[in-house]
2 protein chains.
Amino acid sequence: MQTALKDPFDRNKQFSAKRRAVILAAGQAFRRQGYHNTSMTEIAAGLGLTKPALYYYLRNKEEVLYECHLMAYDAMDEILSVKHQGASALDKLEALYIDFVKMLTGSGVSLLTDVNSLGDDNKSDVLERRGKIERKIIRLVKDGQKDGSIRAGDARLHVFFFMGALNWLNAWYDASGRLKGEDIAAHFALQMRAGISVYK
Amino acid sequence: MQTALKDPFDRNKQFSAKRRAVILAAGQAFRRQGYHNTSMTEIAAGLGLTKPALYYYLRNKEEVLYECHLMAYDAMDEILSVKHQGASALDKLEALYIDFVKMLTGSGVSLLTDVNSLGDDNKSDVLERRGKIERKIIRLVKDGQKDGSIRAGDARLHVFFFMGALNWLNAWYDASGRLKGEDIAAHFALQMRAGISVYK
DNA sequence: CATAAATTTGACCCTTGAGTCAAATTTATT
DNA sequence: AATAAATTTGACTCAAGGGTCAAATTTATG
């Protein structure tokens with residue numbers, strides 16, 4: 001595998017790897033302290049760098065936030081693209097949800113909610129991405145209502161309810177805490193599922 | 001009722017009423033745009049005032065945010081203090097949850113999540129208040145697990161899950177939208193309840 | 001080794017918005 | 001009406017932090 005061995009020496013790869021590291025680190029900081037409570041200098045220092053070095057990888061602070069959002073949505077899209085097995089739509093949704101929680105607790109990716117600190121264009125982009133994801137999940141819920149696995153009711157509200165748990169997760173989850181991502185995933189999946197499955 | 005009739009002429013009452021109005025208006029703005037994306041000048045303008053007028057009612061911007069938090073927690077405490085009827089703890093929890101949603105959609109009070117923009121002291125206060133509320137709810141869930149109305153499992157996770165829906169609500173709810181607060185309350189209560197009630 | 005490209009930095013500028021203050025204006029009291 | 005208290009404002013100061021730039025340093029390539 002010539003190419004793979006050369007990777008570490010590939011300038012472009014190094015560049016994007018570092019760029020990605022910057023965004024991930026920034027995302028963690030944003031998640032914990034908030035976008036406006038985190039200075040570029042601080043982010044740089046956290047990586048053993050100095051502020052101007054960051055600007056070698058990114059145009060401006062807003063772009064960092066923007067990329068954080070995209071990174072989270074990429075990860076979610078990735079999960080959504082996997083053909084989850086399961087007899088019912090509810091089963092698929094559960095598998096999906098578990099992966100979401102694992103991703104949010106396990107990978108360094110942060111699901112941020114601060115969309116208003118973005119300029120109009122980036123904000124539209126991000127909301128559009130989020131909307132697409134929501135719509136896919138809503139669609140899945142509706143499928144479940146058709147195949148009889150999911151209770152009737154406003155599908156959008158069904159989704160907003162359990163997606164709220166995910167967003168809130170970012171606010172309180174601490175990787176160093178006693179709760180393991182896997183356990184949270186299992187618990188949340190059960191609660192999500194019970195919340196919308198048909199009465200038995 | 002002499003005192004009641006005199007109320008509108010009572011300077012202190014006018015003062016606190018205006019102060020409260022400022023905080024409520026600010027809270028709405030913070031909720032929609034975020035604390036740091038909302039300037040004092042903007043808040044003032046929204047009330048037909050000018051910035052220095054705000055500083056007649058409040059020491060500084062942080063105090064506004066602090067009072068917003070307190071106002072939400074006061075409202076929640078108020079709801080928690082009411083002796084909710086219901087045979088099981090689950091019934092009580094449901095009544096509670098409905099009131100929470102109604103309060104958040106109906107009154108002008110906003111449940112903010114930005115705690116990191118507060119100084120250490122205020123932040124501790126707010127977290128303590130939040131902790132107290134959470135603990136009460138967790139206690140109620142544990143009661144439900146004892147009286148057999150609520151499923152076993154980490155009570156804290158049970159609570160974090162459905163409280164996430166409330167926090168997220170603040171992000172997407174639009175009073176001018178088609179969804180009425182009452183409907184959301186009914187839906188959310190059902191979903192919350194189903195999510196943690198014992199299997200039947 | 002010499003040269004070029006890729007990274008990183010110290011020192012700087014500049015805008016934004018929080019907060020202040022003395023003065024003006026409105027409202028109540030004698 | 002005159003005086004005092006309560007509100008409100010125009011005009012200002014100031015610090016924080018985003019962003020820039022030319023120069024230094026490191027790393028790769030002929």
# chains A, B, ... in the order shown; residues from 1 in each chain; ligands from 1
call {"tool": "interface_residues", "arguments": {"of": "chain A", "to": "chain C", "cutoff": "9 Å", "atoms": "only C-alpha atoms (C1' of nucleotides)", "output": "PDB file with C-alpha atoms, in the first residue's frame"}}
result
ATOM      1  CA  ARG A  11       1.194  17.565   3.030  1.00  0.00           C
ATOM      2  CA  LEU A  49      -0.376  26.829  19.359  1.00  0.00           C
ATOM      3  CA  THR A  50      -0.775  30.538  19.095  1.00  0.00           C
ATOM      4  CA  LYS A  51      -3.731  32.391  17.659  1.00  0.00           C
ATOM      5  CA  PRO A  52      -2.360  33.312  14.238  1.00  0.00           C
ATOM      6  CA  ALA A  53      -1.562  29.652  13.637  1.00  0.00           C
ATOM      7  CA  TYR A  56      -3.531  29.390   8.815  1.00  0.00           C
TER       8      TYR A  56
END
call {"tool": "interface_residues", "arguments": {"of": "chain A", "to": "chain B", "cutoff": "6 Å", "atoms": "only C-alpha atoms", "output": "ChimeraX atom specification"}}
result
/A:33,116,161,164-165,168,191,194-195
call {"tool": "write_last_selection", "arguments": {"atoms": "N, CA and C atoms", "output": "compact mmCIF listing (two decimals), in the first residue's frame"}}
result
# COMPACT_ATOMS: atom_id res chain seq x y z
N GLN A 33 -18.13 25.60 27.09
CA GLN A 33 -18.16 26.99 27.57
C GLN A 33 -19.05 27.90 26.75
N ASN A 116 -27.23 31.00 15.89
CA ASN A 116 -27.42 32.43 15.71
C ASN A 116 -26.13 33.22 15.67
N PHE A 161 -39.25 15.74 20.45
CA PHE A 161 -39.15 15.32 21.84
C PHE A 161 -37.85 14.56 22.09
N GLY A 164 -34.57 16.37 21.49
CA GLY A 164 -34.23 17.28 22.57
C GLY A 164 -33.29 16.61 23.56
N ALA A 165 -33.54 15.35 23.81
CA ALA A 165 -32.69 14.61 24.73
C ALA A 165 -31.25 14.58 24.23
N TRP A 168 -29.67 18.08 24.66
CA TRP A 168 -29.43 18.31 26.09
C TRP A 168 -28.25 17.48 26.58
N GLN A 191 -35.97 4.42 26.34
CA GLN A 191 -36.93 5.46 26.69
C GLN A 191 -37.53 6.11 25.45
N ALA A 194 -39.96 3.44 23.98
CA ALA A 194 -41.19 3.30 24.76
C ALA A 194 -42.09 4.52 24.57
N GLY A 195 -41.47 5.66 24.40
CA GLY A 195 -42.23 6.89 24.28
C GLY A 195 -43.12 6.98 23.06
call {"tool": "interface_residues", "arguments": {"of": "chain A", "to": "chain D", "cutoff": "9 Å", "atoms": "only C-alpha atoms (C1' of nucleotides)", "output": "PyMOL selection string"}}
result
chain A and resi 39-41+52+55+60-61
call {"tool": "residues_around", "arguments": {"residues": "Leu140 of chain B", "least_positions_apart": "3", "cutoff": "10 Å", "atoms": "only C-alpha atoms (C1' of nucleotides)", "output": "ChimeraX atom specification"}}
result
/B:88-90,92-93,134-137,143-146,150,155,159
call {"tool": "write_last_selection", "arguments": {"atoms": "C-alpha atoms", "output": "PDB file, in the first residue's frame"}}
result
ATOM      1  CA  SER B  88     -49.354   7.389  41.345  1.00  0.00           C
ATOM      2  CA  ALA B  89     -46.113   9.329  41.251  1.00  0.00           C
ATOM      3  CA  LEU B  90     -46.298   8.942  37.504  1.00  0.00           C
ATOM      4  CA  LYS B  92     -48.137  13.574  39.522  1.00  0.00           C
ATOM      5  CA  LEU B  93     -45.147  13.768  37.273  1.00  0.00           C
ATOM      6  CA  GLU B 134     -33.779  18.196  39.168  1.00  0.00           C
ATOM      7  CA  ARG B 135     -33.432  16.437  42.479  1.00  0.00           C
ATOM      8  CA  LYS B 136     -37.085  16.924  43.263  1.00  0.00           C
ATOM      9  CA  ILE B 137     -38.072  15.428  39.960  1.00  0.00           C
ATOM     10  CA  ASP B 143     -41.178   7.308  44.227  1.00  0.00           C
ATOM     11  CA  GLY B 144     -42.802   6.101  41.058  1.00  0.00           C
ATOM     12  CA  GLN B 145     -40.374   3.237  40.830  1.00  0.00           C
ATOM     13  CA  LYS B 146     -41.373   2.266  44.343  1.00  0.00           C
ATOM     14  CA  ILE B 150     -42.458   3.968  36.779  1.00  0.00           C
ATOM     15  CA  ALA B 155     -33.728   7.762  37.603  1.00  0.00           C
ATOM     16  CA  VAL B 159     -35.204  12.712  34.035  1.00  0.00           C
TER      17      VAL B 159
END
call {"tool": "select_by_dssp", "arguments": {"residues": "segment 8-50 of chain B", "states": "alpha helix (DSSP H)", "output": "JSON, numbers by chain"}}
result
{"B": [11, 12, 13, 14, 15, 16, 17, 18, 19, 20, 21, 22, 23, 24, 25, 26, 27, 28, 29, 30, 31, 32, 33, 40, 41, 42, 43, 44, 45, 46]}
call {"tool": "atom_distance", "arguments": {"atom1": "atom CA of Leu24 of chain B", "atom2": "atom CA of Leu58 of chain B"}}
result
12.8 Å
call {"tool": "residues_around", "arguments": {"residues": "Ser110 of chain B", "least_positions_apart": "5", "cutoff": "10 Å", "atoms": "only C-alpha atoms (C1' of nucleotides)", "output": "PyMOL selection string"}}
result
chain B and resi 24-32+68-69+71-73+103-105+167+170-171
call {"tool": "decode", "arguments": {"residues": "chain C", "atoms": "C-alpha atoms (C1' of nucleotides)", "output": "short mmCIF file (atom, residue, chain, number, x, y, z; two decimals), in the first residue's frame"}}
result
data_model
loop_
_atom_site.label_atom_id
_atom_site.label_comp_id
_atom_site.auth_asym_id
_atom_site.auth_seq_id
_atom_site.Cartn_x
_atom_site.Cartn_y
_atom_site.Cartn_z
"C1'" DC C 1 23.78 22.43 0.96
"C1'" DA C 2 20.59 25.79 -1.10
"C1'" DT C 3 16.26 27.04 -2.18
"C1'" DA C 4 11.45 26.94 -1.87
"C1'" DA C 5 7.35 25.82 0.44
"C1'" DA C 6 4.92 25.15 4.60
"C1'" DT C 7 4.15 26.59 9.47
"C1'" DT C 8 4.30 29.41 13.24
"C1'" DT C 9 4.78 33.61 15.77
"C1'" DG C 10 5.21 38.52 18.11
"C1'" DA C 11 3.37 42.73 17.74
"C1'" DC C 12 -0.02 45.25 16.11
"C1'" DC C 13 -4.81 47.41 14.60
"C1'" DC C 14 -9.78 48.02 14.99
"C1'" DT C 15 -14.49 47.21 15.85
"C1'" DT C 16 -18.05 46.10 18.97
"C1'" DG C 17 -20.58 46.58 22.76
"C1'" DA C 18 -20.66 46.98 27.95
"C1'" DG C 19 -20.84 50.37 31.19
"C1'" DT C 20 -20.66 55.51 33.00
"C1'" DC C 21 -22.05 60.25 33.97
"C1'" DA C 22 -23.69 64.66 34.13
"C1'" DA C 23 -27.49 66.85 32.34
"C1'" DA C 24 -32.33 66.97 30.74
"C1'" DT C 25 -37.05 65.74 31.32
"C1'" DT C 26 -40.96 63.94 33.35
"C1'" DT C 27 -43.80 62.95 37.49
"C1'" DA C 28 -45.20 63.60 42.17
"C1'" DT C 29 -45.52 66.48 46.45
"C1'" DT C 30 -46.09 70.73 49.36
#
